[in-house]
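What follows is one structure encoded as structure tokens, with my remarks underneath.
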Number of protein chains: 2
Amino acid sequence: MSVTLKDIAQIAGVSTATVSKVISGKHQDIGEKTIEKIRKIARELDYRPNSLARSMKTKVTRTIGLIIPDVRNPFFTDLARGAEDSAHERGYSLLFCNSDDDLKKEMEYIDTLTQKQVDGIALAASVKRNRKLEEGFRISVPIVTLDRDVYFPGVRGHIHSDNESGAYDAVKYLISLGHRRTLFLSGDPTIRVSKERLEGYRRALTEAGIEYDENLLLGGPFSFEYGYEAMRTWEMDPEVTAIFCGNDLIALGAIKALKERRIKVPQDISVMGFDDIYLASINTPGLTTIRQPSYELGYATVRRLIDVIEGVDHSDATMVIKLELIPRESTAKPKKKAALG
Amino acid sequence: MSVTLKDIAQIAGVSTATVSKVISGKHQDIGEKTIEKIRKIARELDYRPNSLARSMKTKVTRTIGLIIPDVRNPFFTDLARGAEDSAHERGYSLLFCNSDDDLKKEMEYIDTLTQKQVDGIALAASVKRNRKLEEGFRISVPIVTLDRDVYFPGVRGHIHSDNESGAYDAVKYLISLGHRRTLFLSGDPTIRVSKERLEGYRRALTEAGIEYDENLLLGGPFSFEYGYEAMRTWEMDPEVTAIFCGNDLIALGAIKALKERRIKVPQDISVMGFDDIYLASINTPGLTTIRQPSYELGYATVRRLIDVIEGVDHSDATMVIKLELIPRESTAKPKKKAALG
DNA sequence: TTGTACGCGTTATCAG
DNA sequence: CTGATAACGCGTACAA
């Protein structure tokens, strides 16, 4: 059995109230000698407060939940770390949940977290939503969502990247290099981030007076394997001189397939990614991409969440993160031949 | 305020004891009608048990801690996911902590976890240990350690990879291809895993009648950057036809530097890694490596931990995981020229 | 300056 | 079959 306040009180010959005050630093009105005595005993007995009991009284656990689809997705790896750092800095612990993009699992996690009395939840929601199901789901703790849309009632904040502008910048950059026909190898086209990126893609085209061609839109999972397969089986279009990918994994898969088909990147075709995961920088060629500050995203989300929890409420409920273009070696001007058709 | 047992009891006109029994399924001796009544009210009020209160009584939180150096290290990314899956399957939640290889931070985390009354801790300890400090550190919860040595008293199990054999297999494989001089680009040579891998390296050499040359041992951080720098500045030794790296990141860095120096992998020089992180498979060329099942390692560690917690004690206190060689394209027979000197 | 007493929400023990 | 009642460890009015 571990040592409790009562034990200390008994040994010191004082009441638990006194000990409690000393331990939790509220000893404005306790005698110097008693303070010292209690501290000494606590040290000797290696006393550790029981957070559970404390939380029962205070209604505060200093624990928050983080729900993400899968840490192994590099985007969420960094995000998770950012979230943990943010929590740790503010003295909170993080309960770690992988939902596998499964709404049911996600809701079960929310349930568990709620029962464990977390002070709040940072939710990178699963892709597949079910509006009906969600709207009937009662949540009693503050939630801040991240990167995806959620219909749970009671969401207290929303943080996401400016996907539209990011995609716009990407395609504009390709156009500025001289690319007129750019394949958009999107991720799952049904989810919001993909739609937003498509918007950006189209805006850049429109602005440059290039007509949108829906044959240049391909979509699939956000994975290396998808990018690889898509480009392995892709029917070459000699006028396409660039590929803009839904994320870096897709881009890296595409590059691998192109290599195998003896199509040189960037000499024959330029490739752009999205996210700027670590692999993007160490790949050969280095991948030109749109950097999503995923660490910062996780960090900011948890900071916001804790602000909400602690009542340091921010006025604006949703926060949009700006993205940045990182030029590397996977993009170049199209060859004259190709450009001329 | 959320609804409690008492609320339900009041409405149902029974005692909290009765409600408690029904809610937690211990109603062998409760009347059918009362059961139904209570269930109905609970449903209508959307009652959620308060885990904190429950844990206070039962002394069990069904929460465990996971301490790793950094999720962003790909090895630990998978390990973390394996750990979470394992915990989730058994109905446990996971408190997620990144120690940054800092013993002090690690001890602080252990402290917090203890106060939060976790049922146990899975610890992938930081590299830099301090025997003296550790041995004075009292820990009251079961700990299972993972991959690294720890001197905390009270450690209840230890799981690690068979590094020596892994390295032995790697070098033996290189030798079987015909390589006689293999550079060992180790990770931090002062830590145990590195020492074990060096042992394996030497054993393979000895067995093949090749003399160990300490000039062929280089060591540094387990990072891409280190591998890159080391090979960028390496003074070419034409007799060295293979490089065995302390982990995959080092290997990938080395390959990048070699590429820049116009040294072809594997034609001019073979490169082997260690770990088999995801990048190893998608890199070009695919990296021959020793697969450490990091997901499984995390999974097994948590399973063991929970077995200890629940008293399903295993007899053997330490478990060694076998490693597997994954041949890919970064290794080949040395060119005749080189082989002939 | 210190102590008393109660409550947080739950479970367990035992008596009815 | 059901219900008081006492814990669990701590914090906090309020009293002394």
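Chain labels follow the order of the structure tokens: the first chain is A, the next B, and so on; residue numbering restarts at 1 in every chain, and ligands are counted from 1 in their shown order.
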After fit on chain B (all C-alpha, ordered pairs), chain A as a CSV table (one decimal) with C-alpha atoms, in the first residue's frame:
chain,number,residue,atom,x,y,z
A,1,MET,CA,-22.9,18.3,-13.9
A,2,SER,CA,-22.9,14.8,-15.2
A,3,VAL,CA,-25.3,12.1,-14.1
A,4,THR,CA,-24.2,9.7,-11.4
A,5,LEU,CA,-25.3,6.5,-9.8
A,6,LYS,CA,-27.1,8.4,-7.2
A,7,ASP,CA,-29.2,10.2,-9.7
A,8,ILE,CA,-30.3,7.0,-11.3
A,9,ALA,CA,-31.0,5.4,-7.9
A,10,GLN,CA,-33.2,8.3,-6.9
A,11,ILE,CA,-35.2,8.2,-10.1
A,12,ALA,CA,-35.6,4.5,-10.0
A,13,GLY,CA,-36.4,4.5,-6.4
A,14,VAL,CA,-33.8,2.0,-5.5
A,15,SER,CA,-30.4,2.3,-3.7
A,16,THR,CA,-27.1,3.1,-5.4
A,17,ALA,CA,-25.9,-0.3,-4.5
A,18,THR,CA,-28.5,-1.9,-6.8
A,19,VAL,CA,-27.7,0.5,-9.6
A,20,SER,CA,-24.0,-0.2,-9.2
A,21,LYS,CA,-24.6,-3.9,-9.5
A,22,VAL,CA,-26.7,-3.6,-12.6
A,23,ILE,CA,-24.3,-1.2,-14.3
A,24,SER,CA,-21.3,-3.3,-13.7
A,25,GLY,CA,-23.0,-6.4,-14.8
A,26,LYS,CA,-23.0,-8.1,-11.4
A,27,HIS,CA,-26.8,-8.6,-11.3
A,28,GLN,CA,-27.1,-12.3,-10.6
A,29,ASP,CA,-29.4,-11.5,-7.7
A,30,ILE,CA,-31.4,-8.6,-9.0
A,31,GLY,CA,-34.9,-8.8,-10.2
A,32,GLU,CA,-35.6,-8.8,-13.9
A,33,LYS,CA,-37.9,-5.8,-13.7
A,34,THR,CA,-35.5,-3.7,-11.6
A,35,ILE,CA,-32.7,-4.5,-14.0
A,36,GLU,CA,-34.7,-3.3,-17.0
A,37,LYS,CA,-35.9,-0.2,-15.2
A,38,ILE,CA,-32.4,0.8,-14.2
A,39,ARG,CA,-31.0,0.1,-17.7
A,40,LYS,CA,-33.7,2.2,-19.3
A,41,ILE,CA,-33.1,5.2,-17.0
A,42,ALA,CA,-29.4,4.9,-17.5
A,43,ARG,CA,-29.9,4.9,-21.3
A,44,GLU,CA,-32.2,7.8,-21.2
A,45,LEU,CA,-29.9,9.9,-19.0
A,46,ASP,CA,-26.9,8.8,-21.1
A,47,TYR,CA,-25.1,7.7,-18.0
A,48,ARG,CA,-21.4,7.2,-18.1
A,49,PRO,CA,-19.6,5.7,-15.2
A,50,ASN,CA,-16.9,7.8,-13.7
A,51,SER,CA,-13.7,5.8,-14.1
A,52,LEU,CA,-11.9,7.9,-11.5
A,53,ALA,CA,-14.3,6.9,-8.7
A,54,ARG,CA,-14.3,3.4,-9.8
A,55,SER,CA,-10.5,3.3,-9.9
A,56,MET,CA,-10.3,4.7,-6.4
A,57,LYS,CA,-12.2,1.7,-5.1
A,58,THR,CA,-10.7,-1.0,-7.3
A,59,LYS,CA,-7.1,0.3,-7.3
A,60,VAL,CA,-7.0,-0.4,-11.0
A,61,THR,CA,-7.1,2.3,-13.7
A,62,ARG,CA,-6.8,0.2,-16.8
A,63,THR,CA,-4.3,2.7,-18.0
A,64,ILE,CA,-0.6,2.1,-18.8
A,65,GLY,CA,2.2,4.4,-19.7
A,66,LEU,CA,4.4,4.2,-22.8
A,67,ILE,CA,7.7,6.0,-22.7
A,68,ILE,CA,9.8,6.1,-25.8
A,69,PRO,CA,12.5,8.5,-26.9
A,70,ASP,CA,10.7,10.0,-29.9
A,71,VAL,CA,7.8,8.8,-32.0
A,72,ARG,CA,9.4,10.5,-35.0
A,73,ASN,CA,12.1,7.9,-35.0
A,74,PRO,CA,10.5,5.4,-37.4
A,75,PHE,CA,11.5,2.5,-35.3
A,76,PHE,CA,9.4,3.9,-32.4
A,77,THR,CA,6.6,5.0,-34.6
A,78,ASP,CA,5.7,1.4,-35.4
A,79,LEU,CA,6.5,0.3,-31.9
A,80,ALA,CA,4.1,2.9,-30.5
A,81,ARG,CA,1.3,1.7,-32.7
A,82,GLY,CA,1.9,-1.9,-31.8
A,83,ALA,CA,1.8,-0.9,-28.1
A,84,GLU,CA,-1.4,1.0,-28.5
A,85,ASP,CA,-3.1,-1.9,-30.4
A,86,SER,CA,-2.0,-4.3,-27.7
A,87,ALA,CA,-3.3,-2.1,-24.9
A,88,HIS,CA,-6.6,-1.4,-26.7
A,89,GLU,CA,-7.3,-5.0,-27.3
A,90,ARG,CA,-7.0,-5.8,-23.7
A,91,GLY,CA,-9.1,-2.8,-22.7
A,92,TYR,CA,-6.4,-0.5,-21.6
A,93,SER,CA,-5.6,3.1,-22.4
A,94,LEU,CA,-2.1,4.3,-23.2
A,95,LEU,CA,-0.5,7.4,-21.8
A,96,PHE,CA,2.0,8.6,-24.4
A,97,CYS,CA,5.4,10.0,-23.4
A,98,ASN,CA,8.4,11.1,-25.4
A,99,SER,CA,11.6,11.3,-23.4
A,100,ASP,CA,14.0,12.6,-26.0
A,101,ASP,CA,16.5,10.2,-24.7
A,102,ASP,CA,16.8,12.3,-21.6
A,103,LEU,CA,17.0,10.4,-18.4
A,104,LYS,CA,15.7,13.3,-16.3
A,105,LYS,CA,12.6,13.7,-18.5
A,106,GLU,CA,12.1,10.0,-18.4
A,107,MET,CA,12.1,10.0,-14.6
A,108,GLU,CA,9.7,12.9,-14.5
A,109,TYR,CA,7.4,11.0,-16.7
A,110,ILE,CA,7.6,7.9,-14.5
A,111,ASP,CA,6.7,10.1,-11.6
A,112,THR,CA,3.7,11.6,-13.3
A,113,LEU,CA,2.5,8.2,-14.5
A,114,THR,CA,2.9,6.8,-11.0
A,115,GLN,CA,0.8,9.7,-9.5
A,116,LYS,CA,-1.8,9.1,-12.1
A,117,GLN,CA,-1.9,5.5,-10.8
A,118,VAL,CA,-1.1,3.7,-14.1
A,119,ASP,CA,-1.2,0.0,-13.7
A,120,GLY,CA,2.2,-0.4,-15.4
A,121,ILE,CA,4.7,1.2,-17.7
A,122,ALA,CA,6.3,0.1,-20.9
A,123,LEU,CA,9.6,1.7,-21.1
A,124,ALA,CA,11.9,2.1,-24.1
A,125,ALA,CA,14.5,3.7,-22.0
A,126,SER,CA,16.7,6.6,-23.0
A,127,VAL,CA,20.1,5.8,-24.2
A,128,LYS,CA,22.1,7.7,-21.7
A,129,ARG,CA,21.8,5.9,-18.3
A,130,ASN,CA,23.0,6.9,-14.9
A,131,ARG,CA,23.3,3.8,-12.8
A,132,LYS,CA,23.6,5.7,-9.6
A,133,LEU,CA,20.7,7.9,-10.1
A,134,GLU,CA,18.5,5.1,-11.2
A,135,GLU,CA,19.2,2.7,-8.4
A,136,GLY,CA,18.0,5.2,-5.9
A,137,PHE,CA,14.7,5.7,-7.8
A,138,ARG,CA,11.7,4.0,-6.2
A,139,ILE,CA,9.1,2.7,-8.5
A,140,SER,CA,5.9,1.3,-7.3
A,141,VAL,CA,4.4,0.0,-10.5
A,142,PRO,CA,5.4,-2.9,-12.8
A,143,ILE,CA,7.7,-1.9,-15.6
A,144,VAL,CA,8.6,-3.8,-18.7
A,145,THR,CA,11.6,-2.5,-20.5
A,146,LEU,CA,12.2,-2.6,-24.1
A,147,ASP,CA,15.3,-2.8,-26.2
A,148,ARG,CA,17.6,-1.0,-23.8
A,149,ASP,CA,19.2,-1.7,-20.4
A,150,VAL,CA,17.8,-0.2,-17.3
A,151,TYR,CA,18.9,-0.2,-13.7
A,152,PHE,CA,15.7,0.9,-12.0
A,153,PRO,CA,14.9,-1.5,-9.2
A,154,GLY,CA,11.7,-3.5,-9.7
A,155,VAL,CA,11.8,-4.0,-13.4
A,156,ARG,CA,9.4,-6.9,-14.1
A,157,GLY,CA,10.4,-8.0,-17.6
A,158,HIS,CA,12.7,-7.2,-20.4
A,159,ILE,CA,12.1,-7.5,-24.2
A,160,HIS,CA,14.7,-7.0,-26.7
A,161,SER,CA,15.9,-8.0,-30.2
A,162,ASP,CA,18.7,-10.4,-30.8
A,163,ASN,CA,21.0,-7.7,-32.1
A,164,GLU,CA,24.1,-9.9,-32.0
A,165,SER,CA,22.6,-12.6,-34.3
A,166,GLY,CA,21.0,-10.0,-36.5
A,167,ALA,CA,24.4,-8.3,-37.2
A,168,TYR,CA,26.0,-11.7,-37.5
A,169,ASP,CA,23.5,-12.7,-40.2
A,170,ALA,CA,24.0,-9.4,-42.0
A,171,VAL,CA,27.7,-9.7,-42.2
A,172,LYS,CA,27.6,-13.4,-43.0
A,173,TYR,CA,25.3,-12.6,-45.9
A,174,LEU,CA,27.7,-10.0,-47.2
A,175,ILE,CA,30.6,-12.4,-46.9
A,176,SER,CA,28.6,-15.0,-48.7
A,177,LEU,CA,28.2,-12.6,-51.6
A,178,GLY,CA,32.0,-12.3,-51.7
A,179,HIS,CA,32.7,-9.2,-49.6
A,180,ARG,CA,35.9,-9.3,-47.7
A,181,ARG,CA,36.2,-5.8,-46.4
A,182,THR,CA,33.0,-4.4,-44.9
A,183,LEU,CA,32.8,-1.0,-43.2
A,184,PHE,CA,30.7,-0.9,-40.1
A,185,LEU,CA,29.0,2.4,-39.9
A,186,SER,CA,27.6,2.0,-36.4
A,187,GLY,CA,25.2,4.1,-34.4
A,188,ASP,CA,26.4,5.4,-31.1
A,189,PRO,CA,29.0,2.9,-30.2
A,190,THR,CA,28.7,3.3,-26.4
A,191,ILE,CA,25.2,1.9,-26.1
A,192,ARG,CA,24.4,-1.7,-25.7
A,193,VAL,CA,22.7,-2.4,-28.9
A,194,SER,CA,25.6,-1.0,-30.8
A,195,LYS,CA,28.0,-3.2,-28.8
A,196,GLU,CA,25.9,-6.2,-29.5
A,197,ARG,CA,25.8,-5.5,-33.2
A,198,LEU,CA,29.6,-5.1,-33.2
A,199,GLU,CA,29.9,-8.5,-31.5
A,200,GLY,CA,27.9,-10.0,-34.3
A,201,TYR,CA,29.9,-8.3,-36.9
A,202,ARG,CA,33.1,-9.6,-35.4
A,203,ARG,CA,31.8,-13.1,-35.0
A,204,ALA,CA,30.9,-13.3,-38.7
A,205,LEU,CA,34.3,-12.1,-39.6
A,206,THR,CA,36.1,-14.5,-37.3
A,207,GLU,CA,34.1,-17.4,-38.6
A,208,ALA,CA,35.1,-16.5,-42.2
A,209,GLY,CA,38.7,-16.2,-41.2
A,210,ILE,CA,38.8,-12.4,-41.9
A,211,GLU,CA,40.7,-10.3,-39.5
A,212,TYR,CA,38.9,-7.5,-37.7
A,213,ASP,CA,40.2,-4.1,-38.6
A,214,GLU,CA,39.2,-1.4,-36.3
A,215,ASN,CA,39.7,1.3,-38.9
A,216,LEU,CA,36.6,-0.1,-40.5
A,217,LEU,CA,34.5,0.9,-37.5
A,218,LEU,CA,32.8,4.3,-37.6
A,219,GLY,CA,30.2,5.5,-35.1
A,220,GLY,CA,27.8,8.4,-34.6
A,221,PRO,CA,24.1,9.2,-34.1
A,222,PHE,CA,21.4,6.9,-35.4
A,223,SER,CA,20.4,9.4,-38.1
A,224,PHE,CA,20.2,10.0,-41.8
A,225,GLU,CA,22.3,13.1,-41.4
A,226,TYR,CA,25.1,11.1,-39.8
A,227,GLY,CA,25.1,8.5,-42.5
A,228,TYR,CA,25.2,11.2,-45.1
A,229,GLU,CA,28.0,13.2,-43.5
A,230,ALA,CA,30.1,10.1,-42.8
A,231,MET,CA,30.0,8.9,-46.3
A,232,ARG,CA,30.3,12.4,-47.9
A,233,THR,CA,33.6,12.9,-46.1
A,234,TRP,CA,34.8,9.3,-46.1
A,235,GLU,CA,38.2,8.7,-47.5
A,236,MET,CA,37.6,6.1,-50.2
A,237,ASP,CA,39.2,2.7,-49.5
A,238,PRO,CA,39.0,0.8,-52.8
A,239,GLU,CA,39.1,-2.5,-51.0
A,240,VAL,CA,35.9,-1.8,-49.1
A,241,THR,CA,33.1,-3.3,-51.1
A,242,ALA,CA,30.3,-3.2,-48.6
A,243,ILE,CA,29.0,-1.1,-45.7
A,244,PHE,CA,27.0,-2.4,-42.9
A,245,CYS,CA,25.1,0.3,-41.1
A,246,GLY,CA,23.8,0.7,-37.6
A,247,ASN,CA,20.3,1.4,-38.8
A,248,ASP,CA,18.4,2.1,-41.9
A,249,LEU,CA,18.5,5.9,-41.5
A,250,ILE,CA,22.2,5.8,-41.5
A,251,ALA,CA,22.2,3.5,-44.5
A,252,LEU,CA,19.9,5.8,-46.5
A,253,GLY,CA,22.0,8.8,-45.7
A,254,ALA,CA,25.1,6.8,-46.8
A,255,ILE,CA,23.5,5.8,-50.0
A,256,LYS,CA,22.5,9.4,-50.7
A,257,ALA,CA,26.1,10.6,-50.2
A,258,LEU,CA,27.5,7.8,-52.3
A,259,LYS,CA,25.1,8.7,-55.1
A,260,GLU,CA,26.4,12.2,-55.0
A,261,ARG,CA,29.9,10.9,-55.2
A,262,ARG,CA,29.0,8.9,-58.3
A,263,ILE,CA,29.5,5.6,-56.5
A,264,LYS,CA,26.9,3.2,-57.5
A,265,VAL,CA,24.9,1.1,-55.1
A,266,PRO,CA,25.1,-1.9,-55.3
A,267,GLN,CA,27.4,-2.1,-58.3
A,268,ASP,CA,30.3,-0.3,-56.7
A,269,ILE,CA,29.5,-0.9,-53.2
A,270,SER,CA,26.8,-2.8,-51.2
A,271,VAL,CA,25.0,-1.2,-48.4
A,272,MET,CA,23.0,-2.9,-45.6
A,273,GLY,CA,20.8,-1.4,-43.0
A,274,PHE,CA,19.2,-2.5,-39.8
A,275,ASP,CA,15.5,-2.2,-38.7
A,276,ASP,CA,13.6,-2.4,-41.9
A,277,ILE,CA,11.7,0.8,-41.6
A,278,TYR,CA,9.1,1.7,-44.2
A,279,LEU,CA,11.5,3.9,-46.1
A,280,ALA,CA,13.9,0.9,-46.6
A,281,SER,CA,11.3,-0.8,-48.8
A,282,ILE,CA,10.4,2.2,-50.9
A,283,ASN,CA,13.9,3.6,-51.4
A,284,THR,CA,15.6,3.2,-54.7
A,285,PRO,CA,17.4,0.9,-54.6
A,286,GLY,CA,15.5,-1.1,-52.0
A,287,LEU,CA,17.6,-1.4,-48.9
A,288,THR,CA,18.8,-4.9,-47.9
A,289,THR,CA,18.4,-4.9,-44.1
A,290,ILE,CA,17.7,-6.8,-40.9
A,291,ARG,CA,14.1,-6.6,-40.1
A,292,GLN,CA,13.3,-5.6,-36.5
A,293,PRO,CA,9.7,-6.3,-36.0
A,294,SER,CA,9.1,-3.0,-34.2
A,295,TYR,CA,5.3,-3.2,-34.3
A,296,GLU,CA,5.5,-6.7,-32.8
A,297,LEU,CA,8.0,-5.5,-30.3
A,298,GLY,CA,5.7,-2.9,-29.0
A,299,TYR,CA,2.8,-5.3,-29.1
A,300,ALA,CA,4.6,-8.0,-27.2
A,301,THR,CA,6.0,-5.6,-24.6
A,302,VAL,CA,2.5,-4.3,-23.7
A,303,ARG,CA,1.1,-7.8,-23.8
A,304,ARG,CA,3.7,-8.9,-21.3
A,305,LEU,CA,3.2,-5.9,-19.2
A,306,ILE,CA,-0.5,-6.5,-19.0
A,307,ASP,CA,0.1,-10.2,-18.2
A,308,VAL,CA,2.3,-9.1,-15.3
A,309,ILE,CA,-0.4,-6.6,-14.2
A,310,GLU,CA,-3.1,-9.1,-14.3
A,311,GLY,CA,-1.1,-11.8,-12.6
A,312,VAL,CA,-0.8,-14.0,-15.6
A,313,ASP,CA,2.9,-14.1,-14.9
A,314,HIS,CA,5.2,-15.6,-17.4
A,315,SER,CA,8.0,-17.7,-16.0
A,316,ASP,CA,10.8,-16.3,-18.2
A,317,ALA,CA,11.6,-12.8,-17.3
A,318,THR,CA,13.3,-11.7,-20.5
A,319,MET,CA,12.2,-12.3,-24.0
A,320,VAL,CA,14.5,-12.1,-27.0
A,321,ILE,CA,13.1,-11.4,-30.4
A,322,LYS,CA,14.6,-13.1,-33.5
A,323,LEU,CA,15.5,-10.9,-36.4
A,324,GLU,CA,15.2,-11.6,-40.1
A,325,LEU,CA,17.3,-10.7,-43.1
A,326,ILE,CA,15.4,-8.9,-45.9
A,327,PRO,CA,17.4,-9.0,-49.1
A,328,ARG,CA,16.7,-6.2,-51.5
A,329,GLU,CA,18.6,-4.4,-54.2
A,330,SER,CA,21.2,-2.5,-52.3
A,331,THR,CA,23.5,-5.5,-52.0
A,332,ALA,CA,25.2,-7.5,-54.7
A,333,LYS,CA,28.4,-9.4,-55.4
A,334,PRO,CA,31.4,-7.2,-55.5
A,335,LYS,CA,32.8,-6.4,-58.9
A,336,LYS,CA,35.6,-8.7,-60.0
A,337,LYS,CA,38.0,-5.9,-60.3
A,338,ALA,CA,37.4,-4.8,-56.8
A,339,ALA,CA,37.4,-8.3,-55.4
A,340,LEU,CA,40.7,-8.9,-57.0
A,341,GLY,CA,42.1,-5.8,-55.6
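For chain D, the residues close to chain B, meaning within 9 Å and counting only C-alpha atoms (C1' of nucleotides), are DC1, DT2, DG3, DA4, DA7, DC8 and DG9 of chain D.
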Report task. Apply DSSP to the backbone of this structure and, from range 149-187 of chain A, keep only the residues in strand (DSSP E); write these as JSON, numbers by chain. Result -> {"A": [155, 156, 157, 158, 159, 160, 161, 182, 183, 184, 185, 186]}
Take the residues that were just selected and, keeping N, CA and C atoms, output them as a tab-separated table (two decimals), in the first residue's frame.
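The file below, out36.tsv, is the result:
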chain	number	residue	atom	x	y	z
A	155	VAL	N	-18.38	20.93	-30.64
A	155	VAL	CA	-16.98	21.13	-30.98
A	155	VAL	C	-16.59	22.57	-30.68
A	156	ARG	N	-15.46	22.71	-30.01
A	156	ARG	CA	-15.11	24.03	-29.49
A	156	ARG	C	-14.06	24.77	-30.29
A	157	GLY	N	-13.61	24.20	-31.38
A	157	GLY	CA	-12.60	24.88	-32.16
A	157	GLY	C	-12.20	24.00	-33.30
A	158	HIS	N	-11.61	24.59	-34.28
A	158	HIS	CA	-11.26	23.82	-35.45
A	158	HIS	C	-9.98	24.41	-36.03
A	159	ILE	N	-9.02	23.54	-36.29
A	159	ILE	CA	-7.76	24.00	-36.85
A	159	ILE	C	-7.50	23.24	-38.12
A	160	HIS	N	-7.23	23.92	-39.19
A	160	HIS	CA	-6.87	23.18	-40.39
A	160	HIS	C	-5.99	23.98	-41.31
A	161	SER	N	-5.38	23.29	-42.25
A	161	SER	CA	-4.47	23.92	-43.18
A	161	SER	C	-5.25	24.61	-44.30
A	182	THR	N	-0.91	19.52	-66.36
A	182	THR	CA	-0.48	18.92	-65.10
A	182	THR	C	-1.51	17.89	-64.63
A	183	LEU	N	-1.06	16.68	-64.48
A	183	LEU	CA	-1.92	15.64	-63.93
A	183	LEU	C	-2.10	15.88	-62.44
A	184	PHE	N	-3.33	15.74	-61.95
A	184	PHE	CA	-3.56	15.84	-60.50
A	184	PHE	C	-3.85	14.44	-59.97
A	185	LEU	N	-2.83	13.90	-59.30
A	185	LEU	CA	-2.95	12.56	-58.73
A	185	LEU	C	-3.41	12.73	-57.28
A	186	SER	N	-4.70	12.86	-57.14
A	186	SER	CA	-5.27	13.24	-55.85
A	186	SER	C	-5.34	12.06	-54.88
Please, which residues in chain C fall within 12 Å of chain B when counting only C-alpha atoms (C1' of nucleotides), and what is the closest atom pair and distance in Å to one decimal for each, ordered by chain then residue number, as CSV?
residue,atom,partner,partner_atom,distance
C:DC8,C1',B:Ala53,CA,8.0
C:DG9,C1',B:Ala53,CA,4.9
C:DT10,C1',B:Arg54,CA,4.8
C:DT11,C1',B:Lys57,CA,6.0
C:DA12,C1',B:Lys57,CA,8.9
C:DT13,C1',B:Ala17,CA,11.1
Could you take the residues named above and write them with C-alpha atoms (C1' of nucleotides), as a PDB file, in the first residue's frame?
ATOM      1  C1'  DC C   8     -16.406  13.663  -4.886  1.00  0.00           C
ATOM      2  C1'  DG C   9     -18.772   8.738  -7.452  1.00  0.00           C
ATOM      3  C1'  DT C  10     -18.037   4.338  -7.042  1.00  0.00           C
ATOM      4  C1'  DT C  11     -17.749  -0.533  -5.098  1.00  0.00           C
ATOM      5  C1'  DA C  12     -17.846  -4.037  -1.396  1.00  0.00           C
ATOM      6  C1'  DT C  13     -19.440  -5.973   2.759  1.00  0.00           C
TER       7       DT C  13
END
Query raised in the report: Neighbours of range 13-16 of chain D within 9 Å (only C-alpha atoms (C1' of nucleotides); same-chain residues fewer than 6 positions away dropped), as a list in words?
Result: DT2, DG3 and DT4 of chain C
